[in-house]
Amino acid sequence: MAEKATFDDKRLADLDGFTVVIDAERQRADITLDRPPYNVVSMMARDQLRLVFEALDEDDRVRIIVVTGAGDHFSSGGNIKGFLEASPEHVSKLAWNIAAPARCSKPVIAANRGYCFGVGFELSLACDFRIATDTTRYALPEQKLGQIPGSGGSARLQKMVGVTRTKNIVMRSMRITGQQAYDWGIASDVVADTDLEKAVDALVEELIAFSPIAQRTAKKLLNDTDDALLTTAIELEGHCYSRLRQSEDFREGVNAFHEKRAAVFVGR
């Protein structure tokens, strides 16, 4: 049964515009942006989201983290006035805070419906999987404010879709649909809006069936080699493969394969 998460860090005693629940039986945590109607993300929420991801990464009850938005939209972006009020030191930490899902060793799924603009899009891009719907609209509209994305949006997009499409999204503040995002390789899947929760549940169950240590290794390897030379990436892959050969999970996986049964992984 899902329960409201509690944290030892006093900075998380009162979450600003989002909630966190943990379902230990299903081994998942859900972070829900919840500032109706558009789930605007405040400057404080960015700091707190980083701390929450770090705490959940250390929580043995949690295997998978899901980020979603309450209501009809994921998030229309950040609190615009907050940028003018924040100190330069605070603003300089924005990208680090929003990159927390990428640094988290556990798989992170973004469930995107409706508006997914600005920091909402950037937060989703830092996740491992993005499930979009037929209502999803992705955008980086900072040009309309005389600005550019400041939390990794343009950089991550360019890695995913190339410079031409990224210029359209960034320099023209172009909105793209969930289907376009899927076709371009931004979204992992696109489903009917009414099927979003079902699709997320299915992906969570799929990921939980794999070895935790193999998943952590795969995520770190893929993130670390995203901008590496091919020869370097292959070398690192080989080292990771060799390390996993010594794990209990690998032995269990091999034995289960030969015994024609489902493997029971323990994360060691």
# chains A, B, ... in the order shown; residues from 1 in each chain; ligands from 1

call {"tool": "select_by_dssp", "arguments": {"residues": "range 15-233 of chain A", "states": "strand (DSSP E)", "output": "mmCIF file with all heavy atoms, in the first residue's frame"}}
result
data_model
loop_
_atom_site.group_PDB
_atom_site.id
_atom_site.type_symbol
_atom_site.label_atom_id
_atom_site.label_comp_id
_atom_site.auth_asym_id
_atom_site.auth_seq_id
_atom_site.Cartn_x
_atom_site.Cartn_y
_atom_site.Cartn_z
ATOM 1 N N PHE A 18 4.743 19.629 -4.635
ATOM 2 C CA PHE A 18 4.770 18.244 -5.112
ATOM 3 C C PHE A 18 4.658 17.296 -3.927
ATOM 4 O O PHE A 18 4.866 17.686 -2.779
ATOM 5 C CB PHE A 18 6.020 17.949 -5.945
ATOM 6 C CG PHE A 18 7.323 17.944 -5.174
ATOM 7 C CD1 PHE A 18 7.890 16.758 -4.738
ATOM 8 C CD2 PHE A 18 8.005 19.140 -4.921
ATOM 9 C CE1 PHE A 18 9.096 16.743 -4.053
ATOM 10 C CE2 PHE A 18 9.206 19.139 -4.229
ATOM 11 C CZ PHE A 18 9.762 17.949 -3.789
ATOM 12 N N THR A 19 4.281 16.062 -4.226
ATOM 13 C CA THR A 19 4.132 15.039 -3.195
ATOM 14 C C THR A 19 5.005 13.837 -3.544
ATOM 15 O O THR A 19 5.383 13.628 -4.706
ATOM 16 C CB THR A 19 2.669 14.580 -3.072
ATOM 17 O OG1 THR A 19 2.259 13.970 -4.316
ATOM 18 C CG2 THR A 19 1.755 15.747 -2.749
ATOM 19 N N VAL A 20 5.295 13.031 -2.524
ATOM 20 C CA VAL A 20 6.067 11.799 -2.723
ATOM 21 C C VAL A 20 5.399 10.682 -1.936
ATOM 22 O O VAL A 20 5.165 10.823 -0.730
ATOM 23 C CB VAL A 20 7.528 11.951 -2.248
ATOM 24 C CG1 VAL A 20 8.307 10.670 -2.549
ATOM 25 C CG2 VAL A 20 8.204 13.154 -2.898
ATOM 26 N N VAL A 21 5.078 9.598 -2.611
ATOM 27 C CA VAL A 21 4.545 8.416 -1.940
ATOM 28 C C VAL A 21 5.395 7.206 -2.309
ATOM 29 O O VAL A 21 5.957 7.146 -3.406
ATOM 30 C CB VAL A 21 3.060 8.147 -2.292
ATOM 31 C CG1 VAL A 21 2.177 9.295 -1.847
ATOM 32 C CG2 VAL A 21 2.904 7.891 -3.780
ATOM 33 N N ILE A 22 5.484 6.280 -1.381
ATOM 34 C CA ILE A 22 6.263 5.059 -1.584
ATOM 35 C C ILE A 22 5.348 3.858 -1.407
ATOM 36 O O ILE A 22 4.616 3.760 -0.413
ATOM 37 C CB ILE A 22 7.443 4.974 -0.599
ATOM 38 C CG1 ILE A 22 8.456 6.094 -0.874
ATOM 39 C CG2 ILE A 22 8.127 3.598 -0.697
ATOM 40 C CD1 ILE A 22 9.583 6.154 0.137
ATOM 41 N N ASP A 23 5.380 2.958 -2.368
ATOM 42 C CA ASP A 23 4.657 1.698 -2.285
ATOM 43 C C ASP A 23 5.706 0.602 -2.159
ATOM 44 O O ASP A 23 6.258 0.133 -3.162
ATOM 45 C CB ASP A 23 3.797 1.492 -3.540
ATOM 46 C CG ASP A 23 2.862 0.294 -3.414
ATOM 47 O OD1 ASP A 23 3.193 -0.641 -2.667
ATOM 48 O OD2 ASP A 23 1.804 0.290 -4.075
ATOM 49 N N ARG A 28 8.157 0.866 -5.620
ATOM 50 C CA ARG A 28 8.187 2.082 -6.420
ATOM 51 C C ARG A 28 7.891 3.306 -5.568
ATOM 52 O O ARG A 28 7.220 3.224 -4.540
ATOM 53 C CB ARG A 28 7.198 2.007 -7.579
ATOM 54 C CG ARG A 28 5.746 2.020 -7.165
ATOM 55 C CD ARG A 28 4.825 1.867 -8.368
ATOM 56 N NE ARG A 28 4.522 3.139 -9.027
ATOM 57 C CZ ARG A 28 3.757 3.248 -10.104
ATOM 58 N NH1 ARG A 28 3.243 2.161 -10.663
ATOM 59 N NH2 ARG A 28 3.522 4.428 -10.638
ATOM 60 N N ALA A 29 8.412 4.435 -6.037
ATOM 61 C CA ALA A 29 8.105 5.727 -5.439
ATOM 62 C C ALA A 29 7.525 6.613 -6.529
ATOM 63 O O ALA A 29 7.977 6.571 -7.678
ATOM 64 C CB ALA A 29 9.359 6.367 -4.852
ATOM 65 N N ASP A 30 6.509 7.392 -6.182
ATOM 66 C CA ASP A 30 5.880 8.309 -7.126
ATOM 67 C C ASP A 30 6.062 9.743 -6.654
ATOM 68 O O ASP A 30 5.638 10.091 -5.547
ATOM 69 C CB ASP A 30 4.396 7.992 -7.266
ATOM 70 C CG ASP A 30 4.149 6.740 -8.083
ATOM 71 O OD1 ASP A 30 4.309 5.634 -7.535
ATOM 72 O OD2 ASP A 30 3.810 6.872 -9.262
ATOM 73 N N ILE A 31 6.698 10.541 -7.489
ATOM 74 C CA ILE A 31 6.827 11.974 -7.255
ATOM 75 C C ILE A 31 5.793 12.653 -8.144
ATOM 76 O O ILE A 31 5.844 12.518 -9.369
ATOM 77 C CB ILE A 31 8.237 12.473 -7.611
ATOM 78 C CG1 ILE A 31 9.296 11.763 -6.764
ATOM 79 C CG2 ILE A 31 8.330 13.988 -7.440
ATOM 80 C CD1 ILE A 31 10.724 12.058 -7.203
ATOM 81 N N THR A 32 4.861 13.372 -7.548
ATOM 82 C CA THR A 32 3.778 13.987 -8.314
ATOM 83 C C THR A 32 3.833 15.507 -8.180
ATOM 84 O O THR A 32 3.669 16.043 -7.074
ATOM 85 C CB THR A 32 2.405 13.487 -7.822
ATOM 86 O OG1 THR A 32 2.365 12.054 -7.921
ATOM 87 C CG2 THR A 32 1.288 14.075 -8.679
ATOM 88 N N LEU A 33 4.094 16.183 -9.293
ATOM 89 C CA LEU A 33 4.036 17.640 -9.304
ATOM 90 C C LEU A 33 2.575 18.030 -9.093
ATOM 91 O O LEU A 33 1.694 17.588 -9.828
ATOM 92 C CB LEU A 33 4.558 18.179 -10.633
ATOM 93 C CG LEU A 33 5.974 17.723 -11.036
ATOM 94 C CD1 LEU A 33 6.357 18.322 -12.382
ATOM 95 C CD2 LEU A 33 6.994 18.085 -9.960
ATOM 96 N N ILE A 64 12.100 1.546 -8.432
ATOM 97 C CA ILE A 64 11.751 2.374 -9.585
ATOM 98 C C ILE A 64 11.127 3.669 -9.085
ATOM 99 O O ILE A 64 10.356 3.659 -8.125
ATOM 100 C CB ILE A 64 10.744 1.665 -10.514
ATOM 101 C CG1 ILE A 64 11.178 0.213 -10.813
ATOM 102 C CG2 ILE A 64 10.541 2.465 -11.806
ATOM 103 C CD1 ILE A 64 12.426 0.084 -11.623
ATOM 104 N N ILE A 65 11.441 4.774 -9.753
ATOM 105 C CA ILE A 65 10.873 6.071 -9.405
ATOM 106 C C ILE A 65 10.065 6.581 -10.598
ATOM 107 O O ILE A 65 10.539 6.542 -11.735
ATOM 108 C CB ILE A 65 11.971 7.086 -9.044
ATOM 109 C CG1 ILE A 65 12.791 6.572 -7.851
ATOM 110 C CG2 ILE A 65 11.355 8.459 -8.727
ATOM 111 C CD1 ILE A 65 14.034 7.392 -7.563
ATOM 112 N N VAL A 66 8.858 7.047 -10.328
ATOM 113 C CA VAL A 66 7.974 7.601 -11.356
ATOM 114 C C VAL A 66 7.731 9.073 -11.047
ATOM 115 O O VAL A 66 7.430 9.430 -9.905
ATOM 116 C CB VAL A 66 6.630 6.848 -11.409
ATOM 117 C CG1 VAL A 66 5.690 7.501 -12.426
ATOM 118 C CG2 VAL A 66 6.854 5.378 -11.753
ATOM 119 N N VAL A 67 7.881 9.918 -12.062
ATOM 120 C CA VAL A 67 7.594 11.347 -11.921
ATOM 121 C C VAL A 67 6.388 11.668 -12.789
ATOM 122 O O VAL A 67 6.376 11.366 -13.990
ATOM 123 C CB VAL A 67 8.790 12.223 -12.350
ATOM 124 C CG1 VAL A 67 8.522 13.686 -12.006
ATOM 125 C CG2 VAL A 67 10.073 11.755 -11.684
ATOM 126 N N THR A 68 5.383 12.275 -12.196
ATOM 127 C CA THR A 68 4.161 12.568 -12.928
ATOM 128 C C THR A 68 3.600 13.905 -12.477
ATOM 129 O O THR A 68 4.138 14.544 -11.564
ATOM 130 C CB THR A 68 3.122 11.436 -12.720
ATOM 131 O OG1 THR A 68 2.018 11.634 -13.587
ATOM 132 C CG2 THR A 68 2.649 11.402 -11.278
ATOM 133 N N GLY A 69 2.518 14.338 -13.114
ATOM 134 C CA GLY A 69 1.864 15.578 -12.737
ATOM 135 C C GLY A 69 0.412 15.322 -12.395
ATOM 136 O O GLY A 69 -0.252 14.499 -13.029
ATOM 137 N N VAL A 108 14.268 5.812 -13.685
ATOM 138 C CA VAL A 108 13.297 6.875 -13.438
ATOM 139 C C VAL A 108 12.416 7.033 -14.675
ATOM 140 O O VAL A 108 12.925 7.177 -15.797
ATOM 141 C CB VAL A 108 13.977 8.210 -13.115
ATOM 142 C CG1 VAL A 108 12.928 9.272 -12.774
ATOM 143 C CG2 VAL A 108 14.969 8.061 -11.963
ATOM 144 N N ILE A 109 11.105 7.003 -14.462
ATOM 145 C CA ILE A 109 10.126 7.112 -15.549
ATOM 146 C C ILE A 109 9.388 8.438 -15.417
ATOM 147 O O ILE A 109 8.898 8.778 -14.344
ATOM 148 C CB ILE A 109 9.095 5.963 -15.475
ATOM 149 C CG1 ILE A 109 9.787 4.602 -15.523
ATOM 150 C CG2 ILE A 109 8.060 6.085 -16.599
ATOM 151 C CD1 ILE A 109 8.872 3.439 -15.140
ATOM 152 N N ALA A 110 9.292 9.186 -16.526
ATOM 153 C CA ALA A 110 8.476 10.400 -16.558
ATOM 154 C C ALA A 110 7.179 10.083 -17.277
ATOM 155 O O ALA A 110 7.189 9.597 -18.409
ATOM 156 C CB ALA A 110 9.209 11.519 -17.275
ATOM 157 N N ALA A 111 6.057 10.341 -16.602
ATOM 158 C CA ALA A 111 4.727 10.127 -17.187
ATOM 159 C C ALA A 111 4.201 11.484 -17.639
ATOM 160 O O ALA A 111 3.786 12.294 -16.816
ATOM 161 C CB ALA A 111 3.794 9.486 -16.172
ATOM 162 N N ASN A 112 4.260 11.750 -18.944
ATOM 163 C CA ASN A 112 3.978 13.086 -19.487
ATOM 164 C C ASN A 112 2.630 13.157 -20.188
ATOM 165 O O ASN A 112 2.431 12.527 -21.214
ATOM 166 C CB ASN A 112 5.065 13.482 -20.488
ATOM 167 C CG ASN A 112 6.438 13.585 -19.885
ATOM 168 O OD1 ASN A 112 7.421 13.178 -20.493
ATOM 169 N ND2 ASN A 112 6.534 14.124 -18.686
ATOM 170 N N TYR A 115 0.595 19.706 -20.969
ATOM 171 C CA TYR A 115 1.758 20.569 -21.109
ATOM 172 C C TYR A 115 2.975 19.961 -20.416
ATOM 173 O O TYR A 115 2.911 19.528 -19.264
ATOM 174 C CB TYR A 115 1.486 21.938 -20.491
ATOM 175 C CG TYR A 115 0.424 22.756 -21.171
ATOM 176 C CD1 TYR A 115 -0.201 23.808 -20.508
ATOM 177 C CD2 TYR A 115 0.038 22.502 -22.487
ATOM 178 C CE1 TYR A 115 -1.179 24.578 -21.118
ATOM 179 C CE2 TYR A 115 -0.934 23.253 -23.110
ATOM 180 C CZ TYR A 115 -1.548 24.292 -22.428
ATOM 181 O OH TYR A 115 -2.517 25.037 -23.043
ATOM 182 N N CYS A 116 4.078 19.973 -21.133
ATOM 183 C CA CYS A 116 5.372 19.559 -20.582
ATOM 184 C C CYS A 116 6.383 20.583 -21.104
ATOM 185 O O CYS A 116 7.128 20.324 -22.050
ATOM 186 C CB CYS A 116 5.708 18.138 -21.032
ATOM 187 S SG CYS A 116 7.120 17.421 -20.176
ATOM 188 N N PHE A 117 6.363 21.755 -20.489
ATOM 189 C CA PHE A 117 7.108 22.902 -20.981
ATOM 190 C C PHE A 117 8.274 23.248 -20.045
ATOM 191 O O PHE A 117 8.246 22.944 -18.849
ATOM 192 C CB PHE A 117 6.209 24.135 -21.072
ATOM 193 C CG PHE A 117 5.058 24.012 -22.043
ATOM 194 C CD1 PHE A 117 4.016 24.924 -21.994
ATOM 195 C CD2 PHE A 117 5.010 23.000 -22.993
ATOM 196 C CE1 PHE A 117 2.944 24.831 -22.878
ATOM 197 C CE2 PHE A 117 3.947 22.903 -23.879
ATOM 198 C CZ PHE A 117 2.906 23.822 -23.816
ATOM 199 N N PHE A 129 13.165 7.147 -18.961
ATOM 200 C CA PHE A 129 12.065 6.803 -19.856
ATOM 201 C C PHE A 129 11.013 7.907 -19.802
ATOM 202 O O PHE A 129 10.713 8.418 -18.722
ATOM 203 C CB PHE A 129 11.426 5.467 -19.454
ATOM 204 C CG PHE A 129 12.396 4.322 -19.377
ATOM 205 C CD1 PHE A 129 13.005 3.994 -18.173
ATOM 206 C CD2 PHE A 129 12.707 3.568 -20.505
ATOM 207 C CE1 PHE A 129 13.910 2.943 -18.089
ATOM 208 C CE2 PHE A 129 13.617 2.520 -20.434
ATOM 209 C CZ PHE A 129 14.213 2.203 -19.228
ATOM 210 N N ARG A 130 10.488 8.249 -20.960
ATOM 211 C CA ARG A 130 9.412 9.234 -21.047
ATOM 212 C C ARG A 130 8.239 8.592 -21.782
ATOM 213 O O ARG A 130 8.388 8.203 -22.949
ATOM 214 C CB ARG A 130 9.885 10.485 -21.811
ATOM 215 C CG ARG A 130 10.818 11.367 -21.006
ATOM 216 C CD ARG A 130 11.660 12.258 -21.882
ATOM 217 N NE ARG A 130 12.614 11.484 -22.687
ATOM 218 C CZ ARG A 130 13.751 10.972 -22.214
ATOM 219 N NH1 ARG A 130 14.086 11.165 -20.950
ATOM 220 N NH2 ARG A 130 14.548 10.266 -22.997
ATOM 221 N N ILE A 131 7.115 8.476 -21.105
ATOM 222 C CA ILE A 131 5.911 7.962 -21.748
ATOM 223 C C ILE A 131 4.994 9.148 -22.008
ATOM 224 O O ILE A 131 4.582 9.852 -21.073
ATOM 225 C CB ILE A 131 5.209 6.906 -20.886
ATOM 226 C CG1 ILE A 131 6.159 5.723 -20.616
ATOM 227 C CG2 ILE A 131 3.942 6.415 -21.582
ATOM 228 C CD1 ILE A 131 5.540 4.606 -19.806
ATOM 229 N N ALA A 132 4.689 9.393 -23.264
ATOM 230 C CA ALA A 132 3.847 10.509 -23.672
ATOM 231 C C ALA A 132 2.463 10.002 -24.043
ATOM 232 O O ALA A 132 2.248 8.792 -24.198
ATOM 233 C CB ALA A 132 4.480 11.231 -24.861
ATOM 234 N N THR A 133 1.516 10.930 -24.205
ATOM 235 C CA THR A 133 0.170 10.572 -24.624
ATOM 236 C C THR A 133 -0.244 11.444 -25.805
ATOM 237 O O THR A 133 0.507 12.327 -26.239
ATOM 238 C CB THR A 133 -0.860 10.758 -23.486
ATOM 239 O OG1 THR A 133 -1.236 12.142 -23.401
ATOM 240 C CG2 THR A 133 -0.310 10.299 -22.152
ATOM 241 N N ARG A 137 2.216 17.894 -25.037
ATOM 242 C CA ARG A 137 2.884 18.915 -25.836
ATOM 243 C C ARG A 137 4.185 19.275 -25.139
ATOM 244 O O ARG A 137 4.181 19.755 -24.011
ATOM 245 C CB ARG A 137 2.005 20.164 -25.998
ATOM 246 C CG ARG A 137 0.697 19.920 -26.742
ATOM 247 C CD ARG A 137 0.928 19.517 -28.203
ATOM 248 N NE ARG A 137 -0.334 19.316 -28.921
ATOM 249 C CZ ARG A 137 -0.979 18.159 -28.992
ATOM 250 N NH1 ARG A 137 -0.495 17.084 -28.369
ATOM 251 N NH2 ARG A 137 -2.106 18.069 -29.665
ATOM 252 N N TYR A 138 5.297 19.020 -25.829
ATOM 253 C CA TYR A 138 6.608 19.353 -25.291
ATOM 254 C C TYR A 138 7.068 20.684 -25.870
ATOM 255 O O TYR A 138 6.875 20.960 -27.065
ATOM 256 C CB TYR A 138 7.637 18.290 -25.679
ATOM 257 C CG TYR A 138 7.443 16.936 -25.046
ATOM 258 C CD1 TYR A 138 7.033 15.838 -25.790
ATOM 259 C CD2 TYR A 138 7.718 16.731 -23.693
ATOM 260 C CE1 TYR A 138 6.880 14.584 -25.223
ATOM 261 C CE2 TYR A 138 7.566 15.488 -23.109
ATOM 262 C CZ TYR A 138 7.155 14.408 -23.888
ATOM 263 O OH TYR A 138 7.012 13.169 -23.319
ATOM 264 N N ALA A 139 7.718 21.499 -25.044
ATOM 265 C CA ALA A 139 8.238 22.771 -25.548
ATOM 266 C C ALA A 139 9.284 23.339 -24.601
ATOM 267 O O ALA A 139 9.256 23.094 -23.386
ATOM 268 C CB ALA A 139 7.098 23.784 -25.725
ATOM 269 N N ILE A 176 6.005 20.400 -29.814
ATOM 270 C CA ILE A 176 5.880 19.140 -30.538
ATOM 271 C C ILE A 176 4.946 18.211 -29.764
ATOM 272 O O ILE A 176 4.845 18.283 -28.539
ATOM 273 C CB ILE A 176 7.243 18.459 -30.777
ATOM 274 C CG1 ILE A 176 7.913 18.072 -29.449
ATOM 275 C CG2 ILE A 176 8.155 19.351 -31.594
ATOM 276 C CD1 ILE A 176 9.140 17.206 -29.651
ATOM 277 N N THR A 177 4.273 17.358 -30.490
ATOM 278 C CA THR A 177 3.319 16.437 -29.885
ATOM 279 C C THR A 177 4.021 15.212 -29.304
ATOM 280 O O THR A 177 5.194 14.957 -29.586
ATOM 281 C CB THR A 177 2.297 15.965 -30.925
ATOM 282 O OG1 THR A 177 2.987 15.179 -31.918
ATOM 283 C CG2 THR A 177 1.602 17.145 -31.596
ATOM 284 N N ASP A 189 7.684 5.901 -25.440
ATOM 285 C CA ASP A 189 6.428 5.330 -25.920
ATOM 286 C C ASP A 189 5.389 6.440 -25.959
ATOM 287 O O ASP A 189 5.536 7.469 -25.276
ATOM 288 C CB ASP A 189 5.963 4.207 -24.990
ATOM 289 C CG ASP A 189 4.965 3.261 -25.646
ATOM 290 O OD1 ASP A 189 4.635 3.482 -26.835
ATOM 291 O OD2 ASP A 189 4.520 2.316 -24.979
ATOM 292 N N VAL A 190 4.344 6.261 -26.769
ATOM 293 C CA VAL A 190 3.214 7.180 -26.779
ATOM 294 C C VAL A 190 1.942 6.346 -26.750
ATOM 295 O O VAL A 190 1.815 5.364 -27.484
ATOM 296 C CB VAL A 190 3.255 8.118 -28.013
ATOM 297 C CG1 VAL A 190 3.250 7.349 -29.317
ATOM 298 C CG2 VAL A 190 2.101 9.115 -27.978
ATOM 299 N N VAL A 191 1.037 6.716 -25.857
ATOM 300 C CA VAL A 191 -0.184 5.935 -25.647
ATOM 301 C C VAL A 191 -1.374 6.881 -25.588
ATOM 302 O O VAL A 191 -1.226 8.104 -25.499
ATOM 303 C CB VAL A 191 -0.098 5.114 -24.338
ATOM 304 C CG1 VAL A 191 1.053 4.124 -24.390
ATOM 305 C CG2 VAL A 191 0.037 6.030 -23.116
#

call {"tool": "select_by_dssp", "arguments": {"residues": "range 83-242 of chain A", "states": "helix (DSSP H, G or I)", "output": "ChimeraX atom specification"}}
result
/A:83-85,88-91,94-98,100-103,119-125,142-145,153-161,163-171,178-184,193-208,212-224,230-242

call {"tool": "residues_around", "arguments": {"residues": "Ile186 in chain A", "least_positions_apart": "4", "cutoff": "7 Å", "atoms": "only C-alpha atoms", "output": "list in words"}}
result
Met160, Ala181 and Tyr182 of chain A

call {"tool": "atom_distance", "arguments": {"atom1": "CA of Ser124 in chain A", "atom2": "CA of Asp8 in chain A"}}
result
26.2 Å

call {"tool": "atom_distance", "arguments": {"atom1": "CA of Ala155 in chain A", "atom2": "CA of Phe121 in chain A"}}
result
12.4 Å

call {"tool": "atom_distance", "arguments": {"atom1": "CA of His73 in chain A", "atom2": "CA of Asp59 in chain A"}}
result
28.2 Å

call {"tool": "residues_around", "arguments": {"residues": "Val40 in chain A", "least_positions_apart": "3", "cutoff": "12 Å", "atoms": "only C-alpha atoms", "output": "PyMOL selection string"}}
result
chain A and resi 16-18+32-37+43-46+69-70+73-82+115-121

call {"tool": "write_last_selection", "arguments": {"atoms": "C-alpha atoms", "output": "PDB file, in the first residue's frame"}}
result
ATOM      1  CA  ASP A  16       6.700  22.926  -2.159  1.00  0.00           C
ATOM      2  CA  GLY A  17       4.209  21.991  -4.846  1.00  0.00           C
ATOM      3  CA  PHE A  18       4.770  18.244  -5.112  1.00  0.00           C
ATOM      4  CA  THR A  32       3.778  13.987  -8.314  1.00  0.00           C
ATOM      5  CA  LEU A  33       4.036  17.640  -9.304  1.00  0.00           C
ATOM      6  CA  ASP A  34       0.927  19.110  -7.702  1.00  0.00           C
ATOM      7  CA  ARG A  35       0.413  22.835  -8.011  1.00  0.00           C
ATOM      8  CA  PRO A  36      -2.888  23.141  -9.929  1.00  0.00           C
ATOM      9  CA  PRO A  37      -3.784  23.793 -12.586  1.00  0.00           C
ATOM     10  CA  MET A  43      12.763  27.524  -7.261  1.00  0.00           C
ATOM     11  CA  MET A  44      12.431  25.834  -3.875  1.00  0.00           C
ATOM     12  CA  ALA A  45      10.870  22.765  -5.490  1.00  0.00           C
ATOM     13  CA  ARG A  46      13.932  22.364  -7.717  1.00  0.00           C
ATOM     14  CA  GLY A  69       1.864  15.578 -12.737  1.00  0.00           C
ATOM     15  CA  ALA A  70      -1.499  15.894 -11.027  1.00  0.00           C
ATOM     16  CA  HIS A  73      -0.758  18.546 -17.276  1.00  0.00           C
ATOM     17  CA  PHE A  74       2.715  17.418 -16.289  1.00  0.00           C
ATOM     18  CA  SER A  75       4.036  20.964 -15.860  1.00  0.00           C
ATOM     19  CA  SER A  76       3.828  24.240 -17.759  1.00  0.00           C
ATOM     20  CA  GLY A  77       7.321  25.117 -16.521  1.00  0.00           C
ATOM     21  CA  GLY A  78       8.912  27.164 -13.789  1.00  0.00           C
ATOM     22  CA  ASN A  79       7.881  30.138 -11.716  1.00  0.00           C
ATOM     23  CA  ILE A  80       8.935  32.990 -14.019  1.00  0.00           C
ATOM     24  CA  LYS A  81       9.213  35.637 -11.282  1.00  0.00           C
ATOM     25  CA  GLY A  82      11.393  33.274  -9.320  1.00  0.00           C
ATOM     26  CA  TYR A 115       1.758  20.569 -21.109  1.00  0.00           C
ATOM     27  CA  CYS A 116       5.372  19.559 -20.582  1.00  0.00           C
ATOM     28  CA  PHE A 117       7.108  22.902 -20.981  1.00  0.00           C
ATOM     29  CA  GLY A 118      10.337  24.483 -19.792  1.00  0.00           C
ATOM     30  CA  VAL A 119      11.694  22.896 -16.649  1.00  0.00           C
ATOM     31  CA  GLY A 120       8.953  20.260 -16.881  1.00  0.00           C
ATOM     32  CA  PHE A 121      10.446  19.155 -20.184  1.00  0.00           C
TER      33      PHE A 121
END

call {"tool": "closest_residue", "arguments": {"among": "A:Lys144, A:Arg50, A:Arg63, A:Arg11", "to": "Val266 in chain A", "atoms": "only C-alpha atoms"}}
result
A:Arg63

call {"tool": "closest_residue", "arguments": {"among": "A:Arg103, A:Gly114, A:Met171, A:Val163", "to": "Asp224 in chain A", "atoms": "only C-alpha atoms"}}
result
A:Arg103

call {"tool": "residues_around", "arguments": {"residues": "Glu54 in chain A", "least_positions_apart": "2", "cutoff": "10 Å", "atoms": "only C-alpha atoms", "output": "list in words"}}
result
Gln48, Leu49, Arg50, Leu51, Val52, Leu56, Asp57, Glu58, Asp59, Ala100, Pro101, Arg103, Cys104 and Ser105 of chain A

call {"tool": "closest_residue", "arguments": {"among": "A:Thr194, A:Thr136, A:Gln143, A:Thr231", "to": "Met174 in chain A", "atoms": "only C-alpha atoms"}}
result
A:Gln143

call {"tool": "closest_residue", "arguments": {"among": "A:Asn168, A:Asp128, A:Ala262, A:Thr232", "to": "Leu203 in chain A", "atoms": "only C-alpha atoms"}}
result
A:Asp128

call {"tool": "closest_residue", "arguments": {"among": "A:Glu25, A:Leu196, A:Lys220, A:Ala55", "to": "Ala5 in chain A", "atoms": "only C-alpha atoms"}}
result
A:Ala55

call {"tool": "residues_around", "arguments": {"residues": "Trp184 in chain A", "least_positions_apart": "6", "cutoff": "10 Å", "atoms": "only C-alpha atoms", "output": "ChimeraX atom specification"}}
result
/A:160-162,165,178

call {"tool": "write_last_selection", "arguments": {"atoms": "C-alpha atoms", "output": "mmCIF file, in the first residue's frame"}}
result
data_model
loop_
_atom_site.group_PDB
_atom_site.id
_atom_site.type_symbol
_atom_site.label_atom_id
_atom_site.label_comp_id
_atom_site.auth_asym_id
_atom_site.auth_seq_id
_atom_site.Cartn_x
_atom_site.Cartn_y
_atom_site.Cartn_z
ATOM 1 C CA MET A 160 18.857 12.963 -28.714
ATOM 2 C CA VAL A 161 17.581 14.566 -31.909
ATOM 3 C CA GLY A 162 20.449 16.539 -33.452
ATOM 4 C CA ARG A 165 15.468 19.716 -34.661
ATOM 5 C CA GLY A 178 3.819 13.211 -28.006
#

call {"tool": "residues_around", "arguments": {"residues": "range 149-151 of chain A", "least_positions_apart": "6", "cutoff": "8 Å", "atoms": "only C-alpha atoms", "output": "PyMOL selection string"}}
result
chain A and resi 94-96+98-99+118-119+122+140+142+170
